[in-house]
>>> print(open('protein-v2.txt').read())   # compact mmCIF, C-alpha atoms and all ligand atoms
# COMPACT_ATOMS: atom_id res chain seq x y z
CA MET Z 1 106.42 -29.93 -22.00
CA GLU Z 2 110.13 -30.56 -21.43
CA SER Z 3 110.61 -32.60 -18.29
CA LEU Z 4 113.63 -33.23 -16.09
CA LYS Z 5 114.63 -36.62 -14.70
CA VAL Z 6 115.48 -36.51 -11.02
CA GLY Z 7 117.29 -38.83 -8.60
CA VAL Z 8 117.26 -38.44 -4.80
CA ILE Z 9 120.05 -39.74 -2.55
CA GLY Z 10 119.37 -40.21 1.19
CA LEU Z 11 115.76 -40.80 2.16
CA GLY Z 12 115.28 -39.16 5.55
CA MET Z 13 114.95 -35.51 4.57
CA GLY Z 14 115.17 -36.80 1.00
CA ARG Z 15 111.53 -37.89 1.14
CA HIS Z 16 110.56 -34.20 1.30
CA HIS Z 17 112.66 -33.65 -1.81
CA ILE Z 18 110.73 -36.43 -3.58
CA ALA Z 19 107.42 -34.85 -2.56
CA GLY Z 20 108.67 -31.41 -3.64
CA TYR Z 21 109.66 -32.65 -7.11
CA GLN Z 22 106.48 -34.69 -7.48
CA GLY Z 23 104.54 -31.46 -6.94
CA HIS Z 24 106.09 -30.04 -10.14
CA PRO Z 25 104.53 -31.14 -13.45
CA ALA Z 26 107.89 -31.06 -15.28
CA ALA Z 27 109.92 -33.10 -12.78
CA GLN Z 28 109.99 -36.88 -12.76
CA VAL Z 29 111.64 -38.66 -9.83
CA VAL Z 30 112.85 -41.76 -11.65
CA ALA Z 31 115.39 -43.13 -9.16
CA ILE Z 32 116.29 -43.06 -5.47
CA ALA Z 33 119.30 -44.28 -3.52
CA ASP Z 34 119.89 -45.10 0.14
CA VAL Z 35 122.27 -47.49 1.84
CA ASP Z 36 119.39 -48.58 4.11
CA GLU Z 37 117.53 -51.26 2.13
CA LYS Z 38 114.35 -51.15 4.21
CA ARG Z 39 114.07 -47.39 3.97
CA LEU Z 40 114.72 -47.63 0.23
CA SER Z 41 111.91 -50.07 -0.30
CA ASP Z 42 109.45 -48.30 2.06
CA ILE Z 43 110.01 -44.89 0.48
CA GLY Z 44 110.15 -46.36 -3.02
CA ASP Z 45 106.73 -47.96 -2.48
CA LYS Z 46 105.23 -44.91 -0.78
CA TYR Z 47 106.22 -42.51 -3.57
CA ASN Z 48 106.01 -45.04 -6.38
CA ILE Z 49 109.60 -44.69 -7.59
CA PRO Z 50 110.58 -47.31 -10.18
CA LYS Z 51 114.37 -47.48 -9.79
CA ARG Z 52 116.00 -48.08 -6.38
CA TYR Z 53 119.68 -48.35 -5.57
CA THR Z 54 121.61 -49.14 -2.40
CA SER Z 55 124.63 -47.52 -4.08
CA PRO Z 56 124.28 -43.87 -5.16
CA GLU Z 57 127.32 -44.28 -7.43
CA GLU Z 58 125.56 -47.12 -9.24
CA MET Z 59 122.43 -44.98 -9.62
CA LEU Z 60 124.51 -42.20 -11.18
CA SER Z 61 126.17 -44.54 -13.66
CA GLU Z 62 123.02 -46.50 -14.61
CA GLU Z 63 120.50 -43.66 -14.91
CA LYS Z 64 120.50 -40.68 -17.25
CA LEU Z 65 119.51 -38.00 -14.74
CA ASP Z 66 119.25 -34.22 -15.10
CA VAL Z 67 118.95 -33.29 -11.42
CA VAL Z 68 120.10 -35.00 -8.23
CA SER Z 69 119.21 -34.17 -4.64
CA VAL Z 70 121.82 -35.04 -2.02
CA ALA Z 71 120.20 -35.50 1.40
CA THR Z 72 122.63 -37.78 3.21
CA PRO Z 73 124.57 -37.17 6.43
CA ASN Z 74 126.82 -34.12 5.92
CA LYS Z 75 130.02 -36.13 5.40
CA PHE Z 76 128.73 -37.40 2.03
CA HIS Z 77 127.48 -34.06 0.64
CA MET Z 78 130.77 -33.25 -1.08
CA PRO Z 79 131.66 -36.62 -2.64
CA LEU Z 80 128.11 -37.33 -3.82
CA THR Z 81 127.56 -33.80 -5.15
CA ILE Z 82 130.80 -33.98 -7.13
CA ALA Z 83 129.94 -37.49 -8.39
CA ALA Z 84 126.50 -36.27 -9.52
CA ILE Z 85 127.99 -33.23 -11.26
CA GLN Z 86 130.53 -35.43 -13.04
CA ALA Z 87 127.63 -37.65 -14.14
CA GLY Z 88 126.12 -34.59 -15.85
CA CYS Z 89 123.60 -33.50 -13.21
CA HIS Z 90 122.63 -30.27 -11.50
CA VAL Z 91 122.54 -30.74 -7.72
CA LEU Z 92 120.20 -29.62 -4.96
CA CYS Z 93 122.27 -30.32 -1.85
CA GLU Z 94 120.98 -30.30 1.70
CA LYS Z 95 122.27 -27.83 4.26
CA PRO Z 96 124.97 -27.49 5.48
CA MET Z 97 126.61 -27.43 2.04
CA ALA Z 98 129.52 -29.54 3.31
CA MET Z 99 131.61 -30.38 6.37
CA ASN Z 100 133.66 -27.20 5.92
CA ALA Z 101 134.44 -24.39 3.47
CA GLY Z 102 137.29 -26.31 1.84
CA GLU Z 103 134.88 -29.03 0.73
CA ALA Z 104 132.34 -26.44 -0.41
CA ARG Z 105 135.00 -24.82 -2.61
CA GLN Z 106 135.76 -28.19 -4.25
CA MET Z 107 132.05 -28.64 -4.99
CA LEU Z 108 131.82 -25.21 -6.62
CA ALA Z 109 134.98 -25.85 -8.65
CA ALA Z 110 133.51 -29.12 -9.97
CA ALA Z 111 130.24 -27.37 -10.86
CA GLU Z 112 132.03 -24.57 -12.66
CA LYS Z 113 134.19 -27.01 -14.62
CA ALA Z 114 131.17 -29.05 -15.72
CA GLY Z 115 128.86 -26.07 -16.30
CA LYS Z 116 126.35 -27.41 -13.76
CA ARG Z 117 124.43 -25.72 -10.96
CA ILE Z 118 124.47 -26.25 -7.19
CA MET Z 119 121.58 -25.08 -5.02
CA ILE Z 120 121.50 -25.48 -1.22
CA ASN Z 121 118.26 -26.38 0.51
CA PHE Z 122 118.00 -23.37 2.82
CA SER Z 123 114.39 -24.34 3.32
CA TYR Z 124 113.43 -21.55 5.75
CA ARG Z 125 113.59 -19.08 2.86
CA PHE Z 126 110.85 -20.99 1.07
CA THR Z 127 107.91 -19.81 3.15
CA GLU Z 128 105.32 -17.21 2.21
CA GLN Z 129 106.34 -15.18 5.22
CA SER Z 130 110.09 -15.20 4.60
CA MET Z 131 109.53 -14.22 0.97
CA ALA Z 132 107.18 -11.37 2.04
CA LEU Z 133 109.79 -10.10 4.50
CA LYS Z 134 112.52 -10.33 1.86
CA ALA Z 135 110.40 -8.24 -0.54
CA GLN Z 136 109.96 -5.56 2.15
CA VAL Z 137 113.66 -5.49 3.04
CA ASP Z 138 114.65 -5.33 -0.65
CA ALA Z 139 112.21 -2.43 -1.10
CA GLY Z 140 114.21 -0.59 1.57
CA ILE Z 141 111.80 -0.60 4.52
CA LEU Z 142 114.60 -1.22 7.06
CA GLY Z 143 117.07 1.31 5.61
CA GLU Z 144 120.62 0.14 6.39
CA VAL Z 145 120.70 -2.96 8.59
CA TYR Z 146 123.48 -2.50 11.14
CA PHE Z 147 122.72 -5.20 13.72
CA GLY Z 148 120.98 -8.55 13.83
CA ARG Z 149 120.46 -11.49 16.15
CA THR Z 150 119.42 -14.86 14.82
CA VAL Z 151 118.87 -17.85 17.09
CA TRP Z 152 117.59 -21.41 17.27
CA HIS Z 153 117.56 -22.93 20.74
CA ARG Z 154 116.13 -26.17 22.05
CA ARG Z 155 115.67 -27.07 25.67
CA ARG Z 156 116.47 -30.75 25.06
CA GLY Z 157 116.38 -31.53 21.34
CA LEU Z 158 119.39 -33.64 20.45
CA PRO Z 159 118.72 -35.45 17.18
CA GLY Z 160 119.16 -39.20 17.87
CA LEU Z 161 121.77 -39.37 20.63
CA GLY Z 162 124.44 -41.82 19.44
CA GLY Z 163 123.61 -41.24 15.76
CA TRP Z 164 125.55 -39.34 13.07
CA PHE Z 165 124.40 -35.83 14.10
CA GLY Z 166 126.50 -35.96 17.28
CA GLN Z 167 129.65 -37.38 15.64
CA LYS Z 168 131.97 -34.74 14.25
CA GLU Z 169 133.50 -37.01 11.62
CA LEU Z 170 130.03 -37.51 10.08
CA SER Z 171 128.38 -34.14 10.80
CA GLY Z 172 131.20 -31.58 10.88
CA GLY Z 173 129.75 -30.07 14.06
CA GLY Z 174 126.73 -29.78 16.34
CA PRO Z 175 123.70 -27.46 16.48
CA LEU Z 176 125.61 -24.59 14.88
CA ILE Z 177 126.13 -26.49 11.60
CA ASP Z 178 122.72 -28.20 11.91
CA LEU Z 179 120.25 -25.55 13.15
CA GLY Z 180 122.29 -22.34 13.27
CA VAL Z 181 122.98 -22.71 9.55
CA HIS Z 182 119.28 -22.08 8.79
CA ARG Z 183 118.92 -18.98 10.98
CA LEU Z 184 122.29 -17.69 9.76
CA ASP Z 185 121.28 -18.06 6.12
CA LEU Z 186 117.92 -16.39 6.74
CA ALA Z 187 119.53 -13.34 8.38
CA LEU Z 188 122.30 -13.10 5.76
CA TRP Z 189 119.79 -13.43 2.92
CA LEU Z 190 117.60 -10.65 4.34
CA MET Z 191 120.73 -8.51 4.87
CA GLY Z 192 121.85 -9.08 1.25
CA TYR Z 193 124.73 -11.45 2.09
CA PRO Z 194 127.33 -8.88 3.27
CA ARG Z 195 131.00 -10.06 3.35
CA PRO Z 196 132.06 -11.34 6.77
CA VAL Z 197 135.44 -10.11 8.05
CA TRP Z 198 135.86 -11.01 11.74
CA VAL Z 199 134.24 -13.63 13.94
CA LEU Z 200 134.24 -14.27 17.68
CA GLY Z 201 132.85 -17.69 18.54
CA SER Z 202 132.31 -19.90 21.59
CA THR Z 203 131.05 -23.47 21.90
CA TYR Z 204 129.98 -25.46 24.98
CA ASN Z 205 128.60 -28.92 25.68
CA PRO Z 206 127.89 -29.30 29.41
CA ILE Z 207 124.45 -30.90 29.04
CA SER Z 208 124.89 -33.26 26.11
CA SER Z 209 128.20 -34.59 27.35
CA GLU Z 210 126.44 -35.73 30.57
CA LEU Z 211 123.50 -37.21 28.62
CA ALA Z 212 125.89 -39.02 26.26
CA LYS Z 213 127.93 -40.39 29.16
CA ALA Z 214 124.79 -41.67 30.89
CA SER Z 215 123.65 -43.55 27.79
CA ASN Z 216 127.14 -44.54 26.61
CA ALA Z 217 126.57 -42.76 23.29
CA LYS Z 218 129.26 -41.32 21.05
CA PHE Z 219 128.95 -37.52 21.11
CA ASP Z 220 131.83 -35.17 20.37
CA VAL Z 221 130.24 -31.91 19.15
CA GLU Z 222 128.95 -28.82 20.95
CA ASP Z 223 125.45 -28.52 22.39
CA LEU Z 224 125.47 -24.71 22.27
CA ALA Z 225 127.36 -22.33 20.01
CA VAL Z 226 127.42 -18.57 19.69
CA GLY Z 227 129.12 -16.36 17.13
CA LEU Z 228 129.47 -12.62 16.68
CA ILE Z 229 130.12 -11.75 13.04
CA LYS Z 230 131.47 -8.40 11.81
CA PHE Z 231 130.90 -7.53 8.14
CA ASP Z 232 132.82 -5.26 5.77
CA ASN Z 233 129.84 -2.85 5.62
CA GLY Z 234 130.17 -2.30 9.39
CA ALA Z 235 127.14 -4.43 10.36
CA THR Z 236 127.25 -7.01 13.17
CA LEU Z 237 125.23 -10.23 13.43
CA GLU Z 238 124.95 -12.55 16.39
CA VAL Z 239 124.07 -16.20 15.81
CA GLU Z 240 123.17 -18.66 18.59
CA ALA Z 241 122.23 -22.33 18.29
CA SER Z 242 121.66 -25.12 20.78
CA TRP Z 243 120.29 -28.64 21.00
CA ALA Z 244 120.30 -28.52 24.79
CA ALA Z 245 120.13 -25.40 26.94
CA ASN Z 246 118.34 -24.39 30.11
CA VAL Z 247 115.74 -22.23 28.40
CA LYS Z 248 111.96 -22.31 28.82
CA GLU Z 249 111.08 -23.17 25.24
CA SER Z 250 111.46 -26.64 23.75
CA GLU Z 251 111.95 -24.92 20.38
CA LEU Z 252 112.82 -21.23 19.98
CA MET Z 253 113.61 -19.69 16.58
CA GLU Z 254 113.95 -15.96 16.21
CA THR Z 255 115.64 -13.59 13.78
CA ARG Z 256 115.80 -9.86 14.51
CA LEU Z 257 117.25 -7.21 12.26
CA TYR Z 258 117.81 -3.61 13.33
CA GLY Z 259 117.88 -1.02 10.54
CA THR Z 260 118.21 2.74 10.33
CA LYS Z 261 114.54 3.14 9.30
CA ALA Z 262 112.86 0.09 10.86
CA GLY Z 263 113.46 -3.23 12.56
CA LEU Z 264 112.00 -6.67 11.98
CA VAL Z 265 111.47 -9.87 13.88
CA GLN Z 266 110.48 -13.28 12.60
CA ARG Z 267 109.91 -15.93 15.28
CA ASN Z 268 108.15 -19.20 15.84
CA TYR Z 269 105.23 -19.28 18.22
CA ASP Z 270 103.86 -21.87 20.70
CA GLU Z 271 107.21 -23.71 20.37
CA THR Z 272 106.04 -25.00 16.96
CA TYR Z 273 107.31 -24.62 13.41
CA LYS Z 274 104.73 -21.88 12.78
CA PHE Z 275 106.09 -18.35 12.46
CA GLU Z 276 104.93 -14.78 12.97
CA ALA Z 277 106.65 -11.60 11.84
CA GLU Z 278 106.52 -7.91 12.67
CA ILE Z 279 108.20 -4.75 11.43
CA TYR Z 280 108.71 -1.81 13.82
CA LEU Z 281 109.02 1.72 12.49
CA GLU Z 282 108.62 5.39 13.34
CA LYS Z 283 106.50 7.73 11.17
CA ALA Z 284 105.92 11.42 11.90
CA GLY Z 285 107.05 10.97 15.49
CA ALA Z 286 104.81 7.96 16.20
CA HIS Z 287 105.91 4.35 16.61
CA PHE Z 288 104.12 1.65 14.62
CA ASP Z 289 104.14 -2.15 14.85
CA MET Z 290 103.28 -3.77 11.50
CA LYS Z 291 102.13 -7.36 11.67
CA LEU Z 292 102.46 -9.52 8.60
CA HIS Z 293 99.01 -10.88 7.90
CA PRO Z 294 97.86 -13.76 5.70
CA PRO Z 295 97.08 -14.34 2.90
CA MET Z 296 100.51 -13.86 1.34
CA GLN Z 297 101.83 -14.68 -2.12
CA PRO Z 298 102.18 -18.45 -2.46
CA VAL Z 299 105.78 -19.67 -2.86
CA PRO Z 300 107.13 -22.77 -4.61
CA THR Z 301 109.08 -25.44 -2.76
CA ALA Z 302 112.87 -25.29 -3.10
CA MET Z 303 112.63 -28.28 -5.46
CA ALA Z 304 109.99 -26.65 -7.69
CA HIS Z 305 111.99 -23.41 -7.71
CA PHE Z 306 115.14 -25.27 -8.83
CA ILE Z 307 113.27 -27.09 -11.61
CA ASP Z 308 111.65 -23.82 -12.81
CA CYS Z 309 115.00 -22.03 -12.91
CA LEU Z 310 116.68 -24.88 -14.78
CA LEU Z 311 113.90 -25.04 -17.36
CA ASN Z 312 113.67 -21.26 -17.78
CA GLY Z 313 117.42 -20.63 -17.66
CA THR Z 314 116.92 -18.12 -14.81
CA PRO Z 315 119.15 -17.77 -11.74
CA HIS Z 316 118.14 -19.75 -8.66
CA THR Z 317 118.26 -18.54 -5.06
CA ALA Z 318 120.24 -20.26 -2.25
CA THR Z 319 123.29 -20.62 -4.47
CA GLY Z 320 126.38 -22.71 -3.81
CA GLU Z 321 128.30 -19.44 -3.41
CA GLU Z 322 125.99 -18.46 -0.54
CA GLY Z 323 126.37 -21.96 0.89
CA LEU Z 324 130.16 -21.47 0.80
CA LEU Z 325 129.96 -18.11 2.57
CA VAL Z 326 127.90 -19.74 5.34
CA MET Z 327 130.53 -22.49 5.64
CA GLU Z 328 133.30 -19.87 5.88
CA ILE Z 329 131.47 -18.22 8.79
CA LEU Z 330 130.77 -21.55 10.52
CA ASP Z 331 134.43 -22.59 10.12
CA ALA Z 332 135.51 -19.26 11.63
CA ILE Z 333 133.14 -19.63 14.62
CA TYR Z 334 134.48 -23.12 15.35
CA ARG Z 335 138.08 -21.93 14.87
CA SER Z 336 137.56 -18.91 17.12
CA ALA Z 337 136.00 -21.16 19.77
CA ALA Z 338 138.96 -23.55 19.59
CA GLU Z 339 141.57 -20.78 19.69
CA GLY Z 340 139.75 -18.71 22.31
CA LYS Z 341 140.09 -15.46 20.37
CA PRO Z 342 138.51 -13.55 17.45
CA VAL Z 343 139.59 -14.78 14.00
CA LYS Z 344 139.54 -13.40 10.47
CA VAL Z 345 137.16 -15.15 8.06
CA ARG Z 346 139.10 -16.88 5.28
N1 LIG Z 401 116.55 -28.43 5.12
C1 LIG Z 401 116.04 -28.93 6.24
O1 LIG Z 401 115.14 -28.37 6.82
C2 LIG Z 401 116.62 -30.21 6.79
C3 LIG Z 401 115.91 -30.94 7.76
C4 LIG Z 401 116.47 -32.15 8.21
C5 LIG Z 401 117.69 -32.59 7.72
N2 LIG Z 401 118.35 -31.84 6.79
C6 LIG Z 401 119.64 -32.29 6.23
O2 LIG Z 401 119.41 -33.45 5.46
C7 LIG Z 401 120.53 -34.32 5.53
C8 LIG Z 401 120.05 -35.69 6.01
O3 LIG Z 401 119.50 -35.54 7.31
P1 LIG Z 401 118.35 -36.51 7.80
O4 LIG Z 401 117.70 -35.87 8.98
O5 LIG Z 401 117.50 -36.92 6.66
O6 LIG Z 401 119.23 -37.75 8.28
P2 LIG Z 401 118.76 -39.26 8.37
O7 LIG Z 401 119.83 -39.96 9.12
O8 LIG Z 401 117.35 -39.35 8.83
O9 LIG Z 401 118.74 -39.75 6.86
C9 LIG Z 401 119.91 -39.87 6.10
C10 LIG Z 401 119.72 -41.01 5.11
O10 LIG Z 401 120.88 -41.10 4.30
C11 LIG Z 401 121.21 -42.49 4.15
N3 LIG Z 401 122.65 -42.57 3.82
C12 LIG Z 401 123.70 -42.45 4.67
N4 LIG Z 401 124.84 -42.51 3.97
C13 LIG Z 401 124.51 -42.68 2.68
C14 LIG Z 401 125.25 -42.81 1.49
N5 LIG Z 401 126.58 -42.77 1.47
N6 LIG Z 401 124.57 -42.97 0.32
C15 LIG Z 401 123.24 -43.02 0.31
N7 LIG Z 401 122.47 -42.89 1.41
C16 LIG Z 401 123.10 -42.72 2.57
C17 LIG Z 401 120.83 -43.12 5.45
O11 LIG Z 401 120.65 -44.52 5.33
C18 LIG Z 401 119.55 -42.38 5.80
O12 LIG Z 401 118.42 -43.03 5.26
C19 LIG Z 401 121.52 -33.66 6.49
O13 LIG Z 401 122.49 -32.97 5.75
C20 LIG Z 401 120.67 -32.70 7.29
O14 LIG Z 401 121.40 -31.58 7.74
C21 LIG Z 401 117.83 -30.69 6.32
>>> encode(input="protein-v2.txt", output="structure tokens", more="lines below")
Ligand SMILES: NC(=O)c1ccc[n+]([C@@H]2O[C@H](COP(=O)([O-])OP(=O)(O)OC[C@H]3O[C@@H](n4cnc5c(N)ncnc54)[C@H](O)[C@@H]3O)[C@@H](O)[C@H]2O)c1
Amino acid sequence: MESLKVGVIGLGMGRHHIAGYQGHPAAQVVAIADVDEKRLSDIGDKYNIPKRYTSPEEMLSEEKLDVVSVATPNKFHMPLTIAAIQAGCHVLCEKPMAMNAGEARQMLAAAEKAGKRIMINFSYRFTEQSMALKAQVDAGILGEVYFGRTVWHRRRGLPGLGGWFGQKELSGGGPLIDLGVHRLDLALWLMGYPRPVWVLGSTYNPISSELAKASNAKFDVEDLAVGLIKFDNGATLEVEASWAANVKESELMETRLYGTKAGLVQRNYDETYKFEAEIYLEKAGAHFDMKLHPPMQPVPTAMAHFIDCLLNGTPHTATGEEGLLVMEILDAIYRSAAEGKPVKVR
């Protein structure tokens, strides 16, 4: 069997990439890179990876790799993705695709020039439930989707106060670019990725700014963001994301879509990362609630899906083009918030 040689850069979330590839019989994780030497050696030992580099650039020049995962802080997604592409690799890049749409465009241009692929790890698509919902929506159960609301709120869930997530120059933004990006992609994917035209956005940070001040931590991004997106097909989607808000739930994820024939909701329950989903419809004058019930079709990990598509020459989901469209919407929400008025999506 043909097998693909893989390298993984950034070993926080990157360890899940290693596990995902190691679950595929035709993927071999031969090298890893992280600037943190201890993490590099711990993860290298745990997953039994032979080659370890503190410099990703050195890994790319020393190893003959087919696929590279980029799972570093957001600031490095663009330079490392482009470096990997120029070293002859296809890239699975973590979300958000980049710091902004301009960077995402440069990544796509590099991939096109080199004839390589970019996939974005929109991991919330890769669940049995999300795939089952997508199949229903694609089969037309909702009719035309004209409104949606997709949210991820946390009561107090700032990732590592003082670390890179809260520093704009390293992250590109706060919970909108970190959490909102997942719920936004899920809603857009179910809706068939309509073209965004207008956006009205607001950002706030009353809670985190106080927490950061109290602990003398650097924090210059929002702790809550909201965006209202208008698409060229007439549909409207609302996205909300927070790391700190005065809500009951410690973790609240919910995506609702309203269609002409039915509506759907997917949400987490018990404040965990477990989800339930329902579809609401009317038949012969009666209203029905359909609950999605296990077992469902098993789904591959994002890593296994990417490897399969590369080996079979089939298109992959969560494309760089979709990643770019998400970045264009996020940019517009931040711009609208800064300008205090609705803006056109570029
Ligand atoms: N898809 C998901 O569900 C999901 C979940 C968590 C994080 N993420 C994404 O994964 C990325 C990493 O987040 P994280 O939570 O793992 O952060 P993290 O801080 O835990 O890990 C990042 C790692 O990258 C290393 N690193 C930093 N700069 C580097 C460089 N230039 N070269 C090589 N290594 C470098 C760090 O030493 C660290 O080990 C982010 O883009 C984040 O948005 C995605």
>>> residues_near_ligand(input="protein-v2.txt", ligand="ligand LIG 401 (chain Z)", cutoff="8 Å", atoms="all atoms listed in the file", output="PyMOL selection string")
chain Z and resi 9-14+33-36+39-40+54-56+70-74+76-77+80+94-97+121-124+163-165+171+177-178+182
>>> atom_distance(input="protein-v2.txt", atom1="atom CA of Z:Arg155", atom2="atom CA of Z:Tyr334")
21.8 Å
>>> closest_atom_pairs(input="protein-v2.txt", of="stretch 61-134 of chain Z", to="stretch 307-314 of chain Z", cutoff="12 Å", atoms="all atoms listed in the file", output="Markdown table")
| residue | atom | partner | partner_atom | distance |
| --- | --- | --- | --- | --- |
| Z:Asp66 | CA | Z:Leu310 | CA | 9.7 |
| Z:Val67 | CA | Z:Ile307 | CA | 8.4 |
| Z:Val68 | CA | Z:Ile307 | CA | 11.0 |
| Z:Ser69 | CA | Z:Ile307 | CA | 11.6 |
| Z:Cys89 | CA | Z:Leu310 | CA | 11.2 |
| Z:His90 | CA | Z:Leu310 | CA | 8.7 |
| Z:Val91 | CA | Z:Ile307 | CA | 10.7 |
| Z:Leu92 | CA | Z:Ile307 | CA | 9.9 |
| Z:Lys116 | CA | Z:Leu310 | CA | 10.0 |
| Z:Arg117 | CA | Z:Leu310 | CA | 8.7 |
| Z:Ile118 | CA | Z:Leu310 | CA | 11.0 |
| Z:Met119 | CA | Z:Cys309 | CA | 10.7 |
>>> closest_residue(input="protein-v2.txt", among="Z:Glu328, Z:Ala338, Z:Val265, Z:Glu128", to="Z:Pro298", atoms="only C-alpha atoms")
Z:Glu128
>>> closest_residue(input="protein-v2.txt", among="Z:Met303, Z:Met290, Z:Met131, Z:Leu211", to="Z:Val6", atoms="all atoms listed in the file")
Z:Met303
>>> closest_atom_pairs(input="protein-v2.txt", of="stretch 224-319 of chain Z", to="stretch 190-197 of chain Z", cutoff="8 Å", atoms="all atoms listed in the file", output="CSV")
residue,atom,partner,partner_atom,distance
Z:Ile229,CA,Z:Pro196,CA,6.6
Z:Lys230,CA,Z:Val197,CA,5.7
Z:Phe231,CA,Z:Pro196,CA,4.2
Z:Asp232,CA,Z:Arg195,CA,5.7
Z:Asn233,CA,Z:Pro194,CA,6.9
>>> closest_residue(input="protein-v2.txt", among="Z:His24, Z:Arg154, Z:Gly7, Z:Leu186", to="Z:Val326", atoms="all atoms listed in the file")
Z:Leu186
